[in-house]
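target.pdb (PDB, C-alpha atoms) appears below.
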```pdb
ATOM      1  CA  MET A  20     -27.799 -64.642 -10.894
ATOM      2  CA  ALA A  21     -26.042 -62.607 -13.557
ATOM      3  CA  THR A  22     -22.572 -63.956 -12.698
ATOM      4  CA  PRO A  23     -23.262 -67.658 -13.385
ATOM      5  CA  THR A  24     -25.180 -66.749 -16.535
ATOM      6  CA  LEU A  25     -22.319 -64.639 -17.890
ATOM      7  CA  MET A  26     -19.798 -67.358 -17.033
ATOM      8  CA  TYR A  27     -21.933 -69.929 -18.858
ATOM      9  CA  LEU A  28     -22.125 -67.675 -21.913
ATOM     10  CA  GLN A  29     -18.339 -67.281 -21.846
ATOM     11  CA  ALA A  30     -17.900 -71.066 -21.787
ATOM     12  CA  LEU A  31     -20.416 -71.323 -24.599
ATOM     13  CA  ALA A  32     -18.403 -68.847 -26.655
ATOM     14  CA  LEU A  33     -15.134 -70.687 -26.035
ATOM     15  CA  VAL A  34     -16.097 -74.312 -26.589
ATOM     16  CA  GLY A  35     -19.446 -74.144 -28.350
ATOM     17  CA  LEU A  36     -21.382 -76.174 -25.804
ATOM     18  CA  ASP A  37     -24.468 -75.922 -27.953
ATOM     19  CA  ARG A  38     -22.620 -77.768 -30.749
ATOM     20  CA  SER A  39     -20.433 -80.377 -29.088
ATOM     21  CA  ASP A  40     -19.345 -81.784 -32.472
ATOM     22  CA  GLU A  41     -17.714 -78.445 -33.244
ATOM     23  CA  ALA A  42     -15.426 -78.725 -30.210
ATOM     24  CA  MET A  43     -14.323 -82.210 -31.260
ATOM     25  CA  HIS A  44     -13.487 -81.061 -34.796
ATOM     26  CA  THR A  45     -11.679 -77.819 -33.984
ATOM     27  CA  ARG A  46      -8.307 -77.910 -35.714
ATOM     28  CA  SER A  47      -6.794 -74.868 -34.002
ATOM     29  CA  TRP A  48      -8.029 -73.684 -30.618
ATOM     30  CA  GLU A  49      -5.944 -70.550 -31.025
ATOM     31  CA  ASP A  50      -7.699 -69.636 -34.284
ATOM     32  CA  HIS A  51     -11.053 -70.485 -32.697
ATOM     33  CA  PHE A  52     -10.267 -68.256 -29.704
ATOM     34  CA  PHE A  53      -9.456 -65.304 -31.943
ATOM     35  CA  ALA A  54     -12.658 -65.906 -33.904
ATOM     36  CA  VAL A  55     -14.767 -65.679 -30.718
ATOM     37  CA  ARG A  56     -12.588 -63.304 -28.655
ATOM     38  CA  ARG A  57     -14.907 -60.294 -29.024
ATOM     39  CA  ARG A  58     -17.845 -62.244 -27.638
ATOM     40  CA  PHE A  59     -15.722 -63.700 -24.833
ATOM     41  CA  PHE A  60     -14.103 -60.412 -23.764
ATOM     42  CA  GLY A  61     -17.340 -58.452 -24.173
ATOM     43  CA  LEU A  62     -18.979 -60.867 -21.745
ATOM     44  CA  ASN A  63     -15.914 -60.609 -19.498
ATOM     45  CA  VAL A  64     -16.333 -56.821 -19.283
ATOM     46  CA  LEU A  65     -19.946 -57.331 -18.169
ATOM     47  CA  LEU A  66     -18.956 -60.098 -15.749
ATOM     48  CA  THR A  67     -16.194 -58.001 -14.191
ATOM     49  CA  LEU A  68     -18.383 -54.937 -13.762
ATOM     50  CA  THR A  69     -21.280 -56.976 -12.337
ATOM     51  CA  THR A  70     -19.065 -58.880  -9.907
ATOM     52  CA  GLY A  71     -17.178 -55.727  -8.992
ATOM     53  CA  TYR A  72     -20.366 -53.834  -8.239
ATOM     54  CA  VAL A  73     -21.646 -56.578  -5.939
ATOM     55  CA  ALA A  74     -18.271 -56.879  -4.178
ATOM     56  CA  TRP A  75     -17.910 -53.110  -3.847
ATOM     57  CA  VAL A  76     -21.397 -52.575  -2.450
ATOM     58  CA  ASP A  77     -21.177 -55.286   0.193
ATOM     59  CA  VAL A  78     -19.102 -58.406   0.721
ATOM     60  CA  ALA A  79     -18.827 -59.971   4.157
ATOM     61  CA  GLY A  80     -19.785 -56.672   5.763
ATOM     62  CA  THR A  81     -16.803 -54.787   4.303
ATOM     63  CA  ARG A  82     -16.221 -52.665   1.275
ATOM     64  CA  VAL A  83     -13.823 -53.987  -1.331
ATOM     65  CA  SER A  84     -11.946 -51.509  -3.502
ATOM     66  CA  PRO A  85     -13.410 -51.175  -7.009
ATOM     67  CA  ALA A  86      -9.941 -50.511  -8.481
ATOM     68  CA  PRO A  87      -9.057 -54.153  -9.353
ATOM     69  CA  PHE A  88     -12.435 -54.638 -11.013
ATOM     70  CA  VAL A  89     -12.029 -51.469 -13.075
ATOM     71  CA  ALA A  90      -8.539 -52.632 -14.062
ATOM     72  CA  LEU A  91      -9.892 -56.048 -15.100
ATOM     73  CA  ALA A  92     -12.669 -54.437 -17.122
ATOM     74  CA  GLY A  93     -10.069 -52.252 -18.854
ATOM     75  CA  LEU A  94      -7.870 -55.265 -19.621
ATOM     76  CA  SER A  95     -10.903 -57.126 -20.960
ATOM     77  CA  LEU A  96     -11.745 -54.154 -23.155
ATOM     78  CA  LEU A  97      -8.178 -54.270 -24.448
ATOM     79  CA  GLY A  98      -8.662 -57.970 -25.254
ATOM     80  CA  PHE A  99     -11.919 -57.107 -27.007
ATOM     81  CA  LEU A 100     -10.272 -54.485 -29.199
ATOM     82  CA  SER A 101      -6.895 -56.083 -29.958
ATOM     83  CA  GLU A 102      -6.009 -58.955 -32.272
ATOM     84  CA  ASN A 103      -2.369 -59.002 -31.130
ATOM     85  CA  ARG A 104      -1.527 -62.554 -30.063
ATOM     86  CA  ARG A 105       1.375 -61.512 -27.825
ATOM     87  CA  LEU A 106      -0.881 -59.072 -26.019
ATOM     88  CA  HIS A 107      -3.431 -61.827 -25.431
ATOM     89  CA  GLY A 108      -0.710 -64.034 -23.963
ATOM     90  CA  ALA A 109       0.224 -61.261 -21.538
ATOM     91  CA  LEU A 110      -3.449 -60.567 -20.741
ATOM     92  CA  ALA A 111      -3.949 -64.163 -19.641
ATOM     93  CA  VAL A 112      -1.112 -63.922 -17.111
ATOM     94  CA  VAL A 113      -1.908 -60.411 -15.879
ATOM     95  CA  GLN A 114      -5.637 -61.004 -15.505
ATOM     96  CA  ILE A 115      -5.342 -64.234 -13.514
ATOM     97  CA  SER A 116      -2.678 -62.627 -11.298
ATOM     98  CA  LEU A 117      -4.940 -59.646 -10.688
ATOM     99  CA  VAL A 118      -7.930 -61.861  -9.879
ATOM    100  CA  ILE A 119      -5.943 -63.935  -7.373
ATOM    101  CA  GLY A 120      -3.859 -61.196  -5.801
ATOM    102  CA  ALA A 121      -6.025 -58.097  -5.786
ATOM    103  CA  ILE A 122      -9.499 -59.606  -5.586
ATOM    104  CA  GLY A 123      -9.380 -63.205  -4.340
ATOM    105  CA  LEU A 124      -7.094 -62.813  -1.350
ATOM    106  CA  PRO A 125      -8.855 -59.706   0.071
ATOM    107  CA  LEU A 126     -12.254 -61.405  -0.333
ATOM    108  CA  ILE A 127     -11.004 -64.478   1.519
ATOM    109  CA  ALA A 128      -9.579 -62.279   4.270
ATOM    110  CA  ALA A 129     -12.838 -60.290   4.517
ATOM    111  CA  ALA A 130     -14.873 -63.480   4.846
ATOM    112  CA  ARG A 131     -12.945 -64.577   7.961
TER     113      ARG A 131
END
```
As structure tokens, how would this structure be written, given the file I've shared?
Amino acid sequence: MATPTLMYLQALALVGLDRSDEAMHTRSWEDHFFAVRRRFFGLNVLLTLTTGYVAWVDVAGTRVSPAPFVALAGLSLLGFLSENRRLHGALAVVQISLVIGAIGLPLIAAAR
């Protein structure tokens, strides 16, 4: 139950679901992202570690390597600590590639 809750809190941090008027009046989503990035990436560290623990302990009767989850948590920590906009652009590409390639595909294969 922790995973959906953490994902909801991330969405809440990004678009302010509790204040829908705020989302409609945001002038710069980039500035907004950097204003809430610590909350978003802090939650992402928790989400990655929680999901990684569950996947590592038991998914589809196999053990999944914890290495991609540790890498994602480290990248999220980097996003939490850094204000560098170029780094954040690279993090977006690297993290989604890591999720798809190192986590998603092995989980799909293990489920078959």
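Here atom CA of Glu49 of chain A and atom CA of Arg104 of chain A stand 9.2 Å from one another.
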**Request:** With the file shown as input, list the residues that the PyMOL selection byres ((chain A and resi 59) around 8) selects, as a list in words.
**Result:**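 Applied to this file, the PyMOL selection byres ((chain A and resi 59) around 8) selects Gln29, Ala32, Leu33, Val55, Arg56, Arg57, Arg58, Phe60, Gly61, Leu62, Asn63 and Phe99 of chain A.
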**Prompt:** What is the distance, in Å and to one decimal place, between atom CA of Gly35 of chain A and atom CA of Leu110 of chain A?
**Reply:**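 We find that atom CA of Gly35 of chain A and atom CA of Leu110 of chain A lie 22.3 Å from each other.
When all atoms listed in the file are used to compute distances to Leu97 of chain A, the closest of the residues A:Tyr27, A:Gly123, A:Leu66, A:Ala109 turns out to be A:Ala109.
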Taking the file as shown, what set of residues would the PyMOL selection byres ((chain A and resi 71) around 9) give back, as a compact mmCIF listing (two decimals) with C-alpha atoms, keeping the file's coordinate frame?
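Ended up saving to out_21.txt:
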```txt
# COMPACT_ATOMS: atom_id res chain seq x y z
CA LEU A 66 -18.96 -60.10 -15.75
CA THR A 67 -16.19 -58.00 -14.19
CA LEU A 68 -18.38 -54.94 -13.76
CA THR A 69 -21.28 -56.98 -12.34
CA THR A 70 -19.07 -58.88 -9.91
CA TYR A 72 -20.37 -53.83 -8.24
CA VAL A 73 -21.65 -56.58 -5.94
CA ALA A 74 -18.27 -56.88 -4.18
CA TRP A 75 -17.91 -53.11 -3.85
CA VAL A 76 -21.40 -52.58 -2.45
CA VAL A 83 -13.82 -53.99 -1.33
CA SER A 84 -11.95 -51.51 -3.50
CA PRO A 85 -13.41 -51.18 -7.01
CA ALA A 86 -9.94 -50.51 -8.48
CA PRO A 87 -9.06 -54.15 -9.35
CA PHE A 88 -12.44 -54.64 -11.01
CA VAL A 89 -12.03 -51.47 -13.08
```
**Prompt:** What is the atom CA of Thr24 of chain A to atom CA of Val64 of chain A distance in Å?
**Reply:**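 Straight-line distance from atom CA of Thr24 of chain A to atom CA of Val64 of chain A works out to 13.6 Å.
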Listed atoms of segment 96-104 of chain A boxed axis-aligned with 3 Å per side, centre + edges as AutoDock Vina command-line options:
```
--center_x -6.7 --center_y -58.4 --center_z -27.7 --size_x 16.4 --size_y 14.4 --size_z 15.1
```
**Request:** For the structure shown, which residues end up in the PyMOL selection byres ((chain A and resi 117) around 12)? Put them as a ChimeraX atom specification, please?
**Result:** /A:67,86-92,94,110-116,118-125
**Asked** Between A:Leu96, A:Glu102, A:Val34, A:His107, which one has atoms that come closest to His51 of chain A, using all atoms listed in the file?
**Response**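 With all atoms listed in the file as the atom set, the closest residue is A:Val34.
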